[in-house]
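Let me begin by presenting the structure, written as structure tokens, before commenting on it.
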Amino acid sequence: MPEKVSGEGLDRRSFVTGVVGLMGGIIAAVIGLPALGYLLAPALKNTASDEWVPLGPLEGVPIDQPTLFSFTRVKQVGWERNAASYGVYVIRGSDGSLSILSNICTHLSCRVSWKDENQDYVCPCHDGHFGKDGAVLSGPPPRPLDRFEHRVDEAGTLLIHLVEG
Amino acid sequence: MRTRVLGWLDERMGLTAIYHSVLDRKVPKVNWAFTLGSASLFLAVTQGLTGIFLMVYYVPHPDQAYESVNYITHDVAFGWLIRGIHHWGATLMVVVVFLHMLRTFFYAAYKYPREITWLTGVLLLLITLGMGFTGYLLPWNQRAYWATTVGTSIAGTVPFLGPFIESALRGGSDLSALTLARFFSAHIWTLPAALAGLIGIHLYLVIRLGISHIPAEDE
């Protein structure tokens, strides 16, 4: 048997090296991809939700005064059912207009709160300030507070459209 | 390029010397029973890696241990596979390490100058059993709970010291959150750390002394 099969430019040694490399690559993929899938499983899970959440009767909400409404949604997270809490500010104008602002700061997701004395929303994390209509007054937030689509049903209950994921 | 990088590293780290002393050792003509040590090492590494992966989701709390194991098995991608490898690998490791000990015993490989290799090997077998015992409780299902009740009760039958050993293992008079927590910490820290250290000594001695030949009839 000849030591080398030449003429094709591929000798036995480089053929074996190539096959070993190829097999090693296949084995690494067979082990590595499931391992990656295992680690990333919760992140790859589809958690999208789209629902109308009732906040309560619109009657009685003060005029021209941002009012915080809190509610919780139960979510399945991993092996647990968690209650996630939400807060929205309802601003009822004297002209009958209505706006619903999220209390999540648009900078890095801390929660803002309405300060009566300064007539603005303040984010405690990085001193972001928003006006009554949600517009940025000062600080690092890149855009106004998010608004929710809303409607009032026949019974006078205010509902907001909560879309996630 | 590749040879230059390797040469640069070799000059500073002595990689070739390590390579030659670890992989180019002279070995006597032996049989397949001499692969049991490598098989044990492979299983130990596999258990370590799959264990690290299980840790990502497992929670050692009586309220959540069972649920988190259930989640790994049924909801996480390939969770069933990783848990399965860890579960069956544990059993296989006990078997293989035990066979490795039998081979060493029957070929009289524990004799001079390999006594310390043998002693560390005995400790490694005991730690392997300890890993099996502590790991068995962690899923916190009925079988785990009662197996550990029985296992710790057996430890309680030791003369004089028995009741003390039993409550030290359980962290109290009965199985509780304390039992789960101490078994968990033993399973993922104390025993693996001891295992890794002893494997280091064991392998160093194997490399330093070489492996023994199969005894001839007149020996």
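Identifiers in this document derive from the order of the structure tokens: chains are assigned A, B, ..., residues are numbered from 1 separately in each chain, and ligands are numbered from 1 in order of occurrence.
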- Message: Set the distance at 12 Å and use only C-alpha atoms: which residues neighbour Asp133 of chain A once local chain neighbours fewer than 2 positions away are removed? I'd like the list as number ranges by chain.
- Response: A: 64-66, 89-93, 97-102, 114, 119-121, 129-131, 135-137, 144-147
Put those residues in a file: N, CA and C atoms, as a PDB file, in the first residue's frame.
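Wrote out.pdb, looks like this:
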ATOM      1  N   ASP A  64     -58.949  67.370  35.844  1.00  0.00           N
ATOM      2  CA  ASP A  64     -57.663  68.087  35.768  1.00  0.00           C
ATOM      3  C   ASP A  64     -56.652  67.678  36.842  1.00  0.00           C
ATOM      4  N   GLN A  65     -56.812  66.484  37.327  1.00  0.00           N
ATOM      5  CA  GLN A  65     -55.922  66.032  38.403  1.00  0.00           C
ATOM      6  C   GLN A  65     -55.484  64.602  38.078  1.00  0.00           C
ATOM      7  N   PRO A  66     -54.172  64.399  37.729  1.00  0.00           N
ATOM      8  CA  PRO A  66     -53.722  63.034  37.422  1.00  0.00           C
ATOM      9  C   PRO A  66     -54.003  62.094  38.588  1.00  0.00           C
ATOM     10  N   TYR A  89     -51.801  56.639  35.095  1.00  0.00           N
ATOM     11  CA  TYR A  89     -52.405  57.906  35.512  1.00  0.00           C
ATOM     12  C   TYR A  89     -53.537  58.254  34.559  1.00  0.00           C
ATOM     13  N   VAL A  90     -54.711  58.517  35.132  1.00  0.00           N
ATOM     14  CA  VAL A  90     -55.861  58.937  34.342  1.00  0.00           C
ATOM     15  C   VAL A  90     -56.000  60.449  34.509  1.00  0.00           C
ATOM     16  N   ILE A  91     -56.001  61.167  33.386  1.00  0.00           N
ATOM     17  CA  ILE A  91     -56.163  62.620  33.438  1.00  0.00           C
ATOM     18  C   ILE A  91     -57.441  62.977  32.684  1.00  0.00           C
ATOM     19  N   ARG A  92     -58.425  63.472  33.451  1.00  0.00           N
ATOM     20  CA  ARG A  92     -59.714  63.792  32.886  1.00  0.00           C
ATOM     21  C   ARG A  92     -59.772  65.302  32.721  1.00  0.00           C
ATOM     22  N   GLY A  93     -59.825  65.769  31.455  1.00  0.00           N
ATOM     23  CA  GLY A  93     -59.850  67.212  31.217  1.00  0.00           C
ATOM     24  C   GLY A  93     -61.225  67.789  31.509  1.00  0.00           C
ATOM     25  N   SER A  97     -62.130  65.594  27.734  1.00  0.00           N
ATOM     26  CA  SER A  97     -61.063  64.781  27.140  1.00  0.00           C
ATOM     27  C   SER A  97     -60.492  63.834  28.206  1.00  0.00           C
ATOM     28  N   LEU A  98     -59.841  62.805  27.728  1.00  0.00           N
ATOM     29  CA  LEU A  98     -59.341  61.786  28.649  1.00  0.00           C
ATOM     30  C   LEU A  98     -57.991  61.311  28.141  1.00  0.00           C
ATOM     31  N   SER A  99     -56.977  61.274  29.000  1.00  0.00           N
ATOM     32  CA  SER A  99     -55.731  60.619  28.571  1.00  0.00           C
ATOM     33  C   SER A  99     -55.234  59.707  29.679  1.00  0.00           C
ATOM     34  N   ILE A 100     -54.680  58.595  29.247  1.00  0.00           N
ATOM     35  CA  ILE A 100     -54.192  57.580  30.177  1.00  0.00           C
ATOM     36  C   ILE A 100     -52.703  57.445  29.948  1.00  0.00           C
ATOM     37  N   LEU A 101     -51.891  57.770  30.973  1.00  0.00           N
ATOM     38  CA  LEU A 101     -50.434  57.703  30.838  1.00  0.00           C
ATOM     39  C   LEU A 101     -49.874  56.539  31.658  1.00  0.00           C
ATOM     40  N   SER A 102     -48.916  55.883  31.074  1.00  0.00           N
ATOM     41  CA  SER A 102     -48.205  54.841  31.811  1.00  0.00           C
ATOM     42  C   SER A 102     -47.320  55.503  32.856  1.00  0.00           C
ATOM     43  N   TRP A 114     -46.720  61.433  40.401  1.00  0.00           N
ATOM     44  CA  TRP A 114     -47.196  62.800  40.231  1.00  0.00           C
ATOM     45  C   TRP A 114     -46.947  63.595  41.494  1.00  0.00           C
ATOM     46  N   GLN A 119     -46.526  70.233  40.095  1.00  0.00           N
ATOM     47  CA  GLN A 119     -47.353  69.919  38.922  1.00  0.00           C
ATOM     48  C   GLN A 119     -46.553  69.168  37.843  1.00  0.00           C
ATOM     49  N   ASP A 120     -45.787  68.147  38.274  1.00  0.00           N
ATOM     50  CA  ASP A 120     -45.107  67.317  37.276  1.00  0.00           C
ATOM     51  C   ASP A 120     -44.938  65.883  37.794  1.00  0.00           C
ATOM     52  N   TYR A 121     -44.589  64.996  36.852  1.00  0.00           N
ATOM     53  CA  TYR A 121     -44.274  63.618  37.224  1.00  0.00           C
ATOM     54  C   TYR A 121     -42.770  63.549  37.423  1.00  0.00           C
ATOM     55  N   HIS A 129     -38.204  64.593  34.658  1.00  0.00           N
ATOM     56  CA  HIS A 129     -39.458  65.311  34.937  1.00  0.00           C
ATOM     57  C   HIS A 129     -40.341  65.323  33.697  1.00  0.00           C
ATOM     58  N   PHE A 130     -41.640  65.043  33.904  1.00  0.00           N
ATOM     59  CA  PHE A 130     -42.600  65.064  32.807  1.00  0.00           C
ATOM     60  C   PHE A 130     -43.738  66.008  33.182  1.00  0.00           C
ATOM     61  N   GLY A 131     -44.265  66.732  32.179  1.00  0.00           N
ATOM     62  CA  GLY A 131     -45.408  67.609  32.423  1.00  0.00           C
ATOM     63  C   GLY A 131     -46.683  66.819  32.595  1.00  0.00           C
ATOM     64  N   ALA A 135     -45.285  65.139  28.538  1.00  0.00           N
ATOM     65  CA  ALA A 135     -44.136  65.624  27.772  1.00  0.00           C
ATOM     66  C   ALA A 135     -42.912  65.768  28.687  1.00  0.00           C
ATOM     67  N   VAL A 136     -41.731  65.523  28.107  1.00  0.00           N
ATOM     68  CA  VAL A 136     -40.500  65.608  28.904  1.00  0.00           C
ATOM     69  C   VAL A 136     -40.197  67.065  29.222  1.00  0.00           C
ATOM     70  N   LEU A 137     -40.005  67.391  30.500  1.00  0.00           N
ATOM     71  CA  LEU A 137     -39.649  68.749  30.903  1.00  0.00           C
ATOM     72  C   LEU A 137     -38.149  68.875  31.088  1.00  0.00           C
ATOM     73  N   PRO A 144     -41.874  61.254  25.535  1.00  0.00           N
ATOM     74  CA  PRO A 144     -42.945  61.440  26.526  1.00  0.00           C
ATOM     75  C   PRO A 144     -43.421  60.115  27.101  1.00  0.00           C
ATOM     76  N   LEU A 145     -44.148  60.183  28.215  1.00  0.00           N
ATOM     77  CA  LEU A 145     -44.724  58.966  28.814  1.00  0.00           C
ATOM     78  C   LEU A 145     -45.654  58.289  27.807  1.00  0.00           C
ATOM     79  N   ASP A 146     -45.691  56.957  27.832  1.00  0.00           N
ATOM     80  CA  ASP A 146     -46.537  56.215  26.896  1.00  0.00           C
ATOM     81  C   ASP A 146     -48.012  56.416  27.239  1.00  0.00           C
ATOM     82  N   ARG A 147     -48.840  56.382  26.192  1.00  0.00           N
ATOM     83  CA  ARG A 147     -50.283  56.541  26.379  1.00  0.00           C
ATOM     84  C   ARG A 147     -50.994  55.239  26.059  1.00  0.00           C
TER      85      ARG A 147
END
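Those residues of chain B that fall within 8 Å of chain A when using only C-alpha atoms read Phe53, Val56, Glu67, Ser68, Tyr71, Val76, Ala77, Phe78 and Gly79 of chain B.
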- Query: Can you list, as an MDAnalysis selection string, every protein, DNA or RNA residue that comes within 12 Å of Trp88 of chain B when you count only C-alpha atoms, leaving out same-chain residues fewer than 4 positions away?
  - Reply: chainID B and resid 43 46:47 50 80:84 92:95 132 136
Output C-alpha atoms for every residue in the selection just made, as a short mmCIF file (atom, residue, chain, number, x, y, z; two decimals), in the first residue's frame.
data_model
loop_
_atom_site.label_atom_id
_atom_site.label_comp_id
_atom_site.auth_asym_id
_atom_site.auth_seq_id
_atom_site.Cartn_x
_atom_site.Cartn_y
_atom_site.Cartn_z
CA LEU B 43 -18.63 10.78 33.87
CA THR B 46 -20.37 15.20 32.49
CA GLN B 47 -22.08 15.29 35.88
CA THR B 50 -25.05 18.93 33.45
CA TRP B 80 -35.49 16.44 29.91
CA LEU B 81 -32.21 15.57 28.19
CA ILE B 82 -29.93 17.41 30.61
CA ARG B 83 -31.78 16.09 33.66
CA GLY B 84 -31.81 12.61 32.10
CA LEU B 92 -23.50 4.94 35.86
CA MET B 93 -20.77 6.83 37.70
CA VAL B 94 -21.32 4.84 40.90
CA VAL B 95 -21.13 1.60 38.87
CA GLY B 132 -25.55 10.10 44.92
CA TYR B 136 -31.29 11.89 45.43
#
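The protein and nucleic acid residues lying at most 7 Å from segment 106-120 of chain B are B:Leu102, B:Leu124, B:Leu198, B:His202, B:Leu205, B:Ser212, B:Ile214, B:Pro215, with only C-alpha atoms considered and sequence neighbours fewer than 4 positions away removed.
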- Task: Assign secondary structure with DSSP using the backbone only, and return the residues of segment 11-105 of chain A in strand (DSSP E or B) as number ranges by chain.
- Result: A: 49-57, 63, 67-77, 80-92, 98-102, 104
